[in-house]
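protein.pdb follows (PDB, C-alpha atoms and all ligand atoms):
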```pdb
ATOM      1  CA  MET A 229     156.206 174.355  83.757
ATOM      2  CA  HIS A 230     154.544 172.303  81.023
ATOM      3  CA  TYR A 231     152.211 169.988  82.868
ATOM      4  CA  HIS A 232     148.839 168.860  81.622
ATOM      5  CA  PRO A 233     147.097 166.904  84.370
ATOM      6  CA  LYS A 234     143.999 164.823  83.913
ATOM      7  CA  SER A 235     140.811 166.715  84.741
ATOM      8  CA  ASP A 236     140.194 164.484  87.777
ATOM      9  CA  LEU A 237     143.765 164.714  89.127
ATOM     10  CA  LEU A 238     142.583 165.658  92.618
ATOM     11  CA  ARG A 239     139.420 163.567  92.860
ATOM     12  CA  GLN A 240     138.944 162.285  96.427
ATOM     13  CA  ARG A 241     141.703 164.506  97.728
ATOM     14  CA  ILE A 242     141.017 166.848 100.624
ATOM     15  CA  ILE A 243     143.215 169.942 100.547
ATOM     16  CA  LEU A 244     143.594 172.898 102.918
ATOM     17  CA  VAL A 245     144.839 176.207 101.510
ATOM     18  CA  THR A 246     145.914 179.098 103.751
ATOM     19  CA  GLY A 247     145.513 182.661 102.527
ATOM     20  CA  ALA A 248     142.772 181.298 100.275
ATOM     21  CA  GLY A 249     140.816 184.551 100.028
ATOM     22  CA  ASP A 250     143.050 186.413  97.608
ATOM     23  CA  GLY A 251     146.004 186.275  95.230
ATOM     24  CA  ILE A 252     147.753 182.978  94.603
ATOM     25  CA  GLY A 253     145.929 181.137  97.399
ATOM     26  CA  ARG A 254     142.523 182.042  95.986
ATOM     27  CA  GLU A 255     143.532 180.805  92.557
ATOM     28  CA  ALA A 256     144.998 177.597  94.031
ATOM     29  CA  ALA A 257     141.781 176.873  95.935
ATOM     30  CA  LEU A 258     139.634 177.424  92.822
ATOM     31  CA  THR A 259     141.999 175.327  90.710
ATOM     32  CA  TYR A 260     142.155 172.440  93.178
ATOM     33  CA  ALA A 261     138.360 172.396  93.338
ATOM     34  CA  ARG A 262     138.152 172.412  89.542
ATOM     35  CA  PHE A 263     140.372 169.338  89.432
ATOM     36  CA  GLY A 264     138.073 167.483  91.823
ATOM     37  CA  ALA A 265     139.433 168.222  95.311
ATOM     38  CA  GLN A 266     137.382 168.965  98.380
ATOM     39  CA  VAL A 267     138.907 172.227  99.541
ATOM     40  CA  ILE A 268     139.129 173.803 102.975
ATOM     41  CA  LEU A 269     139.825 177.522 102.842
ATOM     42  CA  LEU A 270     141.693 179.262 105.656
ATOM     43  CA  GLY A 271     142.183 182.999 105.864
ATOM     44  CA  ARG A 272     141.590 186.099 107.920
ATOM     45  CA  THR A 273     138.829 187.849 105.930
ATOM     46  CA  GLU A 274     135.576 185.911 106.108
ATOM     47  CA  SER A 275     133.879 187.735 103.231
ATOM     48  CA  LYS A 276     136.719 186.830 100.856
ATOM     49  CA  LEU A 277     136.600 183.170 101.896
ATOM     50  CA  LEU A 278     132.823 183.073 101.394
ATOM     51  CA  ALA A 279     133.211 184.575  97.926
ATOM     52  CA  VAL A 280     135.712 181.839  96.989
ATOM     53  CA  GLN A 281     133.395 179.209  98.470
ATOM     54  CA  GLN A 282     130.527 180.510  96.320
ATOM     55  CA  GLU A 283     132.696 180.618  93.223
ATOM     56  CA  ILE A 284     133.640 176.964  93.751
ATOM     57  CA  THR A 285     129.994 175.961  94.093
ATOM     58  CA  ARG A 286     128.986 178.004  91.027
ATOM     59  CA  ALA A 287     131.682 176.248  88.993
ATOM     60  CA  GLY A 288     130.289 172.854  90.011
ATOM     61  CA  GLY A 289     133.021 171.945  92.517
ATOM     62  CA  LEU A 290     132.511 170.010  95.719
ATOM     63  CA  PRO A 291     131.256 172.285  98.513
ATOM     64  CA  ALA A 292     134.187 173.992 100.236
ATOM     65  CA  GLN A 293     134.481 174.877 103.893
ATOM     66  CA  SER A 294     136.046 177.960 105.441
ATOM     67  CA  ILE A 295     138.014 178.628 108.571
ATOM     68  CA  VAL A 296     138.601 182.203 109.670
ATOM     69  CA  LEU A 297     141.949 182.538 111.436
ATOM     70  CA  ASP A 298     144.233 185.544 111.679
ATOM     71  CA  LEU A 299     147.725 184.076 111.641
ATOM     72  CA  LEU A 300     149.080 187.287 113.132
ATOM     73  CA  THR A 301     147.438 186.516 116.467
ATOM     74  CA  ALA A 302     147.005 182.742 116.154
ATOM     75  CA  THR A 303     148.244 180.620 119.063
ATOM     76  CA  ALA A 304     149.111 176.930 119.224
ATOM     77  CA  GLU A 305     145.710 176.364 120.890
ATOM     78  CA  ASP A 306     143.937 178.119 117.998
ATOM     79  CA  CYS A 307     145.761 175.840 115.553
ATOM     80  CA  GLN A 308     144.757 172.758 117.560
ATOM     81  CA  GLN A 309     141.161 174.007 117.451
ATOM     82  CA  VAL A 310     141.408 174.330 113.676
ATOM     83  CA  ALA A 311     142.619 170.725 113.490
ATOM     84  CA  GLY A 312     139.737 169.663 115.755
ATOM     85  CA  GLN A 313     137.227 171.467 113.540
ATOM     86  CA  ILE A 314     138.654 169.821 110.410
ATOM     87  CA  THR A 315     138.506 166.395 112.086
ATOM     88  CA  GLN A 316     134.757 166.901 112.533
ATOM     89  CA  TRP A 317     134.363 167.563 108.795
ATOM     90  CA  VAL A 318     136.760 165.112 107.139
ATOM     91  CA  PRO A 319     138.689 161.940 108.036
ATOM     92  CA  ARG A 320     142.101 163.156 106.795
ATOM     93  CA  LEU A 321     143.970 165.785 104.812
ATOM     94  CA  ASP A 322     145.696 164.812 101.556
ATOM     95  CA  GLY A 323     147.280 168.191 101.060
ATOM     96  CA  VAL A 324     148.115 171.435 102.834
ATOM     97  CA  LEU A 325     149.263 174.508 100.926
ATOM     98  CA  HIS A 326     150.828 177.024 103.280
ATOM     99  CA  ASN A 327     150.397 180.110 101.153
ATOM    100  CA  ALA A 328     149.384 182.993 103.448
ATOM    101  CA  GLY A 329     152.206 185.445 103.853
ATOM    102  CA  LEU A 330     153.110 188.895 105.122
ATOM    103  CA  LEU A 331     155.600 191.148 103.340
ATOM    104  CA  SER A 332     155.934 194.323 105.452
ATOM    105  CA  GLU A 333     158.046 197.348 104.515
ATOM    106  CA  ILE A 334     160.995 197.045 102.147
ATOM    107  CA  VAL A 335     163.728 198.839 104.131
ATOM    108  CA  PRO A 336     167.336 198.142 105.130
ATOM    109  CA  VAL A 337     167.820 195.895 108.156
ATOM    110  CA  ALA A 338     169.050 198.889 110.147
ATOM    111  CA  ASP A 339     165.623 200.518 109.752
ATOM    112  CA  ILE A 340     163.295 197.554 110.350
ATOM    113  CA  LYS A 341     160.861 198.251 113.168
ATOM    114  CA  LEU A 342     160.990 195.484 115.754
ATOM    115  CA  GLN A 343     157.215 195.011 115.618
ATOM    116  CA  ASP A 344     157.303 194.576 111.828
ATOM    117  CA  TRP A 345     160.036 191.944 112.184
ATOM    118  CA  LEU A 346     158.017 190.090 114.830
ATOM    119  CA  ASP A 347     154.813 190.253 112.762
ATOM    120  CA  VAL A 348     156.478 188.804 109.674
ATOM    121  CA  MET A 349     158.020 185.991 111.728
ATOM    122  CA  GLN A 350     154.685 185.306 113.422
ATOM    123  CA  VAL A 351     152.690 184.988 110.179
ATOM    124  CA  ASN A 352     155.304 183.427 107.891
ATOM    125  CA  VAL A 353     157.175 181.191 110.332
ATOM    126  CA  ASN A 354     155.563 180.724 113.761
ATOM    127  CA  ALA A 355     151.955 180.328 112.636
ATOM    128  CA  THR A 356     153.038 178.137 109.739
ATOM    129  CA  PHE A 357     154.947 175.936 112.194
ATOM    130  CA  MET A 358     152.064 175.778 114.703
ATOM    131  CA  LEU A 359     149.521 174.970 112.028
ATOM    132  CA  THR A 360     151.795 172.310 110.551
ATOM    133  CA  GLN A 361     152.239 170.674 113.956
ATOM    134  CA  ALA A 362     148.477 170.640 114.511
ATOM    135  CA  LEU A 363     147.696 169.273 111.028
ATOM    136  CA  LEU A 364     150.375 166.574 110.797
ATOM    137  CA  PRO A 365     148.179 163.852 112.351
ATOM    138  CA  LEU A 366     145.503 164.515 109.703
ATOM    139  CA  LEU A 367     148.100 164.427 106.908
ATOM    140  CA  LEU A 368     149.554 161.162 108.198
ATOM    141  CA  LYS A 369     146.120 159.546 107.780
ATOM    142  CA  SER A 370     146.377 160.002 104.007
ATOM    143  CA  ALA A 371     147.771 157.278 101.753
ATOM    144  CA  SER A 372     149.659 159.985  99.847
ATOM    145  CA  ALA A 373     149.886 163.378 101.510
ATOM    146  CA  SER A 374     151.517 166.535 100.188
ATOM    147  CA  LEU A 375     152.660 169.389 102.405
ATOM    148  CA  VAL A 376     153.645 172.461 100.423
ATOM    149  CA  PHE A 377     155.247 175.629 101.780
ATOM    150  CA  THR A 378     155.570 178.916  99.929
ATOM    151  CA  SER A 379     159.021 180.348  99.545
ATOM    152  CA  SER A 380     160.496 183.164  97.469
ATOM    153  CA  SER A 381     163.650 183.897  95.517
ATOM    154  CA  VAL A 382     164.807 185.952  98.534
ATOM    155  CA  GLY A 383     164.414 182.810 100.632
ATOM    156  CA  ARG A 384     167.351 181.312  98.785
ATOM    157  CA  GLU A 385     169.596 184.320  98.292
ATOM    158  CA  GLY A 386     169.317 187.397 100.498
ATOM    159  CA  ARG A 387     168.709 190.749  98.830
ATOM    160  CA  SER A 388     169.049 194.289 100.175
ATOM    161  CA  GLY A 389     165.827 195.647 101.672
ATOM    162  CA  TRP A 390     163.987 192.338 101.942
ATOM    163  CA  GLY A 391     164.909 191.930 105.640
ATOM    164  CA  ALA A 392     162.441 189.982 107.742
ATOM    165  CA  TYR A 393     160.534 188.635 104.739
ATOM    166  CA  ALA A 394     163.701 187.101 103.253
ATOM    167  CA  VAL A 395     164.751 185.645 106.602
ATOM    168  CA  SER A 396     161.253 184.188 107.094
ATOM    169  CA  LYS A 397     161.431 182.501 103.706
ATOM    170  CA  PHE A 398     164.894 181.041 104.486
ATOM    171  CA  ALA A 399     163.266 179.643 107.636
ATOM    172  CA  THR A 400     160.431 178.238 105.543
ATOM    173  CA  GLU A 401     162.919 176.442 103.286
ATOM    174  CA  GLY A 402     164.630 175.086 106.411
ATOM    175  CA  LEU A 403     161.382 173.847 107.936
ATOM    176  CA  MET A 404     160.531 172.121 104.664
ATOM    177  CA  GLN A 405     163.930 170.380 104.512
ATOM    178  CA  VAL A 406     163.805 169.196 108.132
ATOM    179  CA  LEU A 407     160.243 167.851 107.751
ATOM    180  CA  ALA A 408     161.044 166.157 104.445
ATOM    181  CA  ASP A 409     163.904 164.327 106.135
ATOM    182  CA  GLU A 410     161.832 163.431 109.191
ATOM    183  CA  TYR A 411     159.007 161.951 107.103
ATOM    184  CA  LYS A 412     161.013 160.428 104.257
ATOM    185  CA  GLN A 413     159.972 156.872 105.212
ATOM    186  CA  THR A 414     156.272 157.775 105.218
ATOM    187  CA  ASN A 415     153.507 158.651 102.747
ATOM    188  CA  LEU A 416     154.025 162.362 103.442
ATOM    189  CA  ARG A 417     156.050 164.449 100.999
ATOM    190  CA  VAL A 418     157.148 167.976 101.856
ATOM    191  CA  ASN A 419     158.212 170.609  99.326
ATOM    192  CA  CYS A 420     158.419 174.360  98.688
ATOM    193  CA  ILE A 421     157.135 176.451  95.823
ATOM    194  CA  ASN A 422     158.767 179.715  94.851
ATOM    195  CA  PRO A 423     155.968 181.338  92.812
ATOM    196  CA  GLY A 424     158.254 183.909  91.167
ATOM    197  CA  GLY A 425     156.961 187.436  90.492
ATOM    198  CA  THR A 426     153.174 187.065  90.174
ATOM    199  CA  ARG A 427     150.434 189.640  89.638
ATOM    200  CA  THR A 428     148.897 190.052  93.121
ATOM    201  CA  SER A 429     148.406 192.847  95.631
ATOM    202  CA  MET A 430     151.459 191.737  97.608
ATOM    203  CA  ARG A 431     153.579 192.020  94.489
ATOM    204  CA  ALA A 432     152.135 195.467  93.717
ATOM    205  CA  SER A 433     153.066 196.699  97.188
ATOM    206  CA  ALA A 434     156.652 195.470  96.744
ATOM    207  CA  PHE A 435     157.076 196.878  93.217
ATOM    208  CA  PRO A 436     154.612 199.793  92.869
ATOM    209  CA  ASP A 437     156.291 201.139  89.716
ATOM    210  CA  GLU A 438     156.356 197.850  87.849
ATOM    211  CA  ASP A 439     154.193 197.177  84.795
ATOM    212  CA  SER A 440     152.050 194.409  86.259
ATOM    213  CA  GLN A 441     150.902 193.334  82.801
ATOM    214  CA  LYS A 442     154.376 191.884  82.302
ATOM    215  CA  LEU A 443     153.906 189.530  85.228
ATOM    216  CA  LYS A 444     152.440 186.046  85.169
ATOM    217  CA  THR A 445     149.020 185.792  86.785
ATOM    218  CA  PRO A 446     148.234 183.355  89.602
ATOM    219  CA  ALA A 447     146.395 181.209  87.015
ATOM    220  CA  ASP A 448     149.560 181.004  84.870
ATOM    221  CA  ILE A 449     151.561 179.393  87.665
ATOM    222  CA  MET A 450     148.994 176.775  88.670
ATOM    223  CA  PRO A 451     150.580 173.811  86.814
ATOM    224  CA  LEU A 452     153.220 173.415  89.550
ATOM    225  CA  TYR A 453     150.609 173.865  92.294
ATOM    226  CA  LEU A 454     148.597 171.047  90.725
ATOM    227  CA  TYR A 455     151.611 168.825  90.138
ATOM    228  CA  LEU A 456     152.639 168.960  93.784
ATOM    229  CA  MET A 457     149.147 168.158  95.097
ATOM    230  CA  GLY A 458     148.490 165.241  92.767
ATOM    231  CA  ASP A 459     149.962 161.756  92.597
ATOM    232  CA  ASP A 460     152.404 162.591  89.781
ATOM    233  CA  SER A 461     154.698 164.126  92.428
ATOM    234  CA  ARG A 462     154.373 161.198  94.805
ATOM    235  CA  ARG A 463     158.088 160.495  95.075
ATOM    236  CA  LYS A 464     159.251 164.107  95.252
ATOM    237  CA  THR A 465     160.184 165.381  98.665
ATOM    238  CA  GLY A 466     162.603 167.916 100.143
ATOM    239  CA  ILE A 467     162.657 170.003  96.957
ATOM    240  CA  SER A 468     162.243 173.739  96.454
ATOM    241  CA  PHE A 469     160.455 174.155  93.117
ATOM    242  CA  ASP A 470     160.203 177.249  90.916
ATOM    243  CA  ALA A 471     156.764 177.928  89.445
ATOM    244  CA  GLN A 472     158.521 180.085  86.829
ATOM    245  CA  PRO A 473     161.832 178.327  86.167
ATOM    246  CA  GLY A 474     164.459 180.583  84.641
ATOM    247  CA  ARG A 475     162.721 183.809  85.664
ATOM    248  CA  LYS A 476     165.206 186.437  86.859
ATOM    249  CA  ALA A 477     164.322 187.710  90.363
ATOM    250  CA  GLY A 478     163.362 191.391  90.667
ATOM    251  CA  PRO A 479     161.090 193.735  88.712
ATOM    252  CA  ALA A 480     159.482 192.532  85.472
ATOM    253  CA  GLU A 481     161.391 193.576  82.367
TER     254      GLU A 481
HETATM  255  P1  LIG B   1     148.429 188.347  98.599
HETATM  256  O1  LIG B   1     148.789 189.441  99.557
HETATM  257  O2  LIG B   1     147.788 188.677  97.311
HETATM  258  O3  LIG B   1     147.558 187.254  99.350
HETATM  259  C1  LIG B   1     147.973 186.762 100.596
HETATM  260  C2  LIG B   1     146.852 185.988 101.240
HETATM  261  O4  LIG B   1     147.282 185.646 102.564
HETATM  262  C3  LIG B   1     145.585 186.821 101.373
HETATM  263  O5  LIG B   1     144.458 186.006 101.153
HETATM  264  C4  LIG B   1     145.645 187.293 102.819
HETATM  265  O6  LIG B   1     144.398 187.506 103.416
HETATM  266  C5  LIG B   1     146.321 186.104 103.483
HETATM  267  N1  LIG B   1     146.926 186.546 104.728
HETATM  268  C6  LIG B   1     147.812 187.552 104.916
HETATM  269  N2  LIG B   1     148.053 187.717 106.215
HETATM  270  C7  LIG B   1     147.284 186.818 106.860
HETATM  271  C8  LIG B   1     147.053 186.528 108.218
HETATM  272  N3  LIG B   1     147.631 187.232 109.186
HETATM  273  N4  LIG B   1     146.210 185.519 108.542
HETATM  274  C9  LIG B   1     145.579 184.839 107.587
HETATM  275  N5  LIG B   1     145.730 185.072 106.277
HETATM  276  C10 LIG B   1     146.572 186.062 105.925
HETATM  277  O7  LIG B   1     149.810 187.571  98.377
HETATM  278  P2  LIG B   1     150.287 186.617  97.187
HETATM  279  O8  LIG B   1     149.155 185.834  96.676
HETATM  280  O9  LIG B   1     151.112 187.417  96.294
HETATM  281  O10 LIG B   1     151.296 185.674  98.008
HETATM  282  C11 LIG B   1     151.016 184.343  98.345
HETATM  283  C12 LIG B   1     152.302 183.709  98.826
HETATM  284  O11 LIG B   1     153.266 183.715  97.784
HETATM  285  C13 LIG B   1     152.947 184.430 100.008
HETATM  286  O12 LIG B   1     153.476 183.477 100.903
HETATM  287  C14 LIG B   1     154.069 185.226  99.357
HETATM  288  O13 LIG B   1     155.119 185.468 100.262
HETATM  289  C15 LIG B   1     154.481 184.281  98.243
HETATM  290  N6  LIG B   1     155.153 184.927  97.113
HETATM  291  C16 LIG B   1     154.470 185.763  96.279
HETATM  292  C17 LIG B   1     155.102 186.337  95.185
HETATM  293  C18 LIG B   1     154.396 187.261  94.239
HETATM  294  O14 LIG B   1     155.050 187.797  93.338
HETATM  295  N7  LIG B   1     153.109 187.485  94.370
HETATM  296  C19 LIG B   1     156.517 186.036  94.901
HETATM  297  C20 LIG B   1     157.137 185.158  95.843
HETATM  298  C21 LIG B   1     156.463 184.620  96.894
HETATM  299  P3  LIG B   1     143.525 188.825 103.097
HETATM  300  O15 LIG B   1     143.027 188.618 101.701
HETATM  301  O16 LIG B   1     142.466 188.783 104.107
HETATM  302  O17 LIG B   1     144.456 189.983 103.203
END
```

File written out as structure tokens:
Amino acid sequence: MHYHPKSDLLRQRIILVTGAGDGIGREAALTYARFGAQVILLGRTESKLLAVQQEITRAGGLPAQSIVLDLLTATAEDCQQVAGQITQWVPRLDGVLHNAGLLSEIVPVADIKLQDWLDVMQVNVNATFMLTQALLPLLLKSASASLVFTSSSVGREGRSGWGAYAVSKFATEGLMQVLADEYKQTNLRVNCINPGGTRTSMRASAFPDEDSQKLKTPADIMPLYLYLMGDDSRRKTGISFDAQPGRKAGPAE
């Protein structure tokens, strides 16, 4: 995507990023802060969140805050507590990037362990739903809020071996579409990003034999992440965007 936002695109915007300690979420948090946002980092590994927080401060960004939450065990009450904590810090949320995700083993459906299936659904679907429900009131206080979910190419077309992960991403697309329709008369827009193959540890576990140097980095795909959080995307809702349009799904060639 060719998008060159102004350097203060996200000034006065308050954005929460899940899975902000590593990979794409880490890069998104750093990028949003660089473009002026006040960022709230959510993730399961405190040390990683603190490192991102420090990096934001070192780069001259607004001080970020962190919330440690393991989405694998998170309950609806935990998500309400997160919303309560955020309400003590800030008056509203202008953006939420649901980015945290769990891949699990790549095996045929016949061989998926029940617990793996349940874990993937818990992190990618149930926790995302519970957190969304808890954060909606804060988003609806914004004059222009953006709710962004993270999908995948296998969330649009099933592929052998991608089992629970693919199904969870189809569910994510569905949740996005339903919410976009429900809030179409409001200031809240709801969209999905399919990052496309990106150089992270999740990608390396899915394609261990791939030459990772042929993949885009998280930084390369940030233009779309910025576009969807800033006012240039104000009228876009209910859309599943590709961060790497035209990229063929599967291993890098
Ligand atoms: P990474 O595995 O590199 O990072 C995932 C982040 O999510 C980490 O910070 C991780 O925390 C966090 N996370 C994982 N499980 C939990 C949990 N139970 N509770 C809280 N946080 C958790 O993945 P990517 O950056 O590659 O992926 C980001 C998103 O993009 C995912 O939704 C993924 O499905 C999607 N995606 C990625 C693609 C790619 O090629 N990379 C392609 C298509 C989609 P911790 O650091 O503590 O482990």

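With all atoms listed in the file as the basis for measurement, A:Ser235 is the residue among A:Thr301, A:Ser440, A:Ser235, A:Gln308 that approaches Gly458 of chain A most closely.
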
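Note on the selection: in this file the PyMOL selection byres (((chain A and resi 335-341) around 7) and not hetatm) comes out as Glu333, Ile334, Leu342, Gln343, Asp344, Trp345, Ser388, Gly389, Trp390 and Gly391 of chain A.
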
Report task. Pick out the closest residue to ligand LIG 1 (chain B) from this set: A:Ser332, A:Gln240, A:Gln293, A:Ser461. Count all atoms listed in the file. Result -> A:Ser332

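Evaluating the PyMOL selection byres (((chain A and resi 421) around 9) and not hetatm) against the shown model yields Val376, Phe377, Thr378, Ser379, Ser380, Asn419, Cys420, Asn422, Pro423, Gly424, Leu452, Tyr453, Leu456, Ile467, Ser468, Phe469, Asp470 and Ala471 of chain A.
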
Written file, previous selection with C-alpha atoms, as a CSV table (one decimal), in the frame of the given file:
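out_15.csv, written as the output of this step:
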```csv
chain,number,residue,atom,x,y,z
A,376,VAL,CA,153.6,172.5,100.4
A,377,PHE,CA,155.2,175.6,101.8
A,378,THR,CA,155.6,178.9,99.9
A,379,SER,CA,159.0,180.3,99.5
A,380,SER,CA,160.5,183.2,97.5
A,419,ASN,CA,158.2,170.6,99.3
A,420,CYS,CA,158.4,174.4,98.7
A,422,ASN,CA,158.8,179.7,94.9
A,423,PRO,CA,156.0,181.3,92.8
A,424,GLY,CA,158.3,183.9,91.2
A,452,LEU,CA,153.2,173.4,89.6
A,453,TYR,CA,150.6,173.9,92.3
A,456,LEU,CA,152.6,169.0,93.8
A,467,ILE,CA,162.7,170.0,97.0
A,468,SER,CA,162.2,173.7,96.5
A,469,PHE,CA,160.5,174.2,93.1
A,470,ASP,CA,160.2,177.2,90.9
A,471,ALA,CA,156.8,177.9,89.4
```

Report task. Run the PyMOL selection byres (((not hetatm)) within 7 of (chain B and resi 1)) on the file and write out the hits as a count of residues only. Result -> 37

Query - For Val418 of chain A, the nearest of the candidates A:Ile314, A:Ala480, A:Leu325, A:Ala399, counting all atoms listed in the file - result: A:Leu325
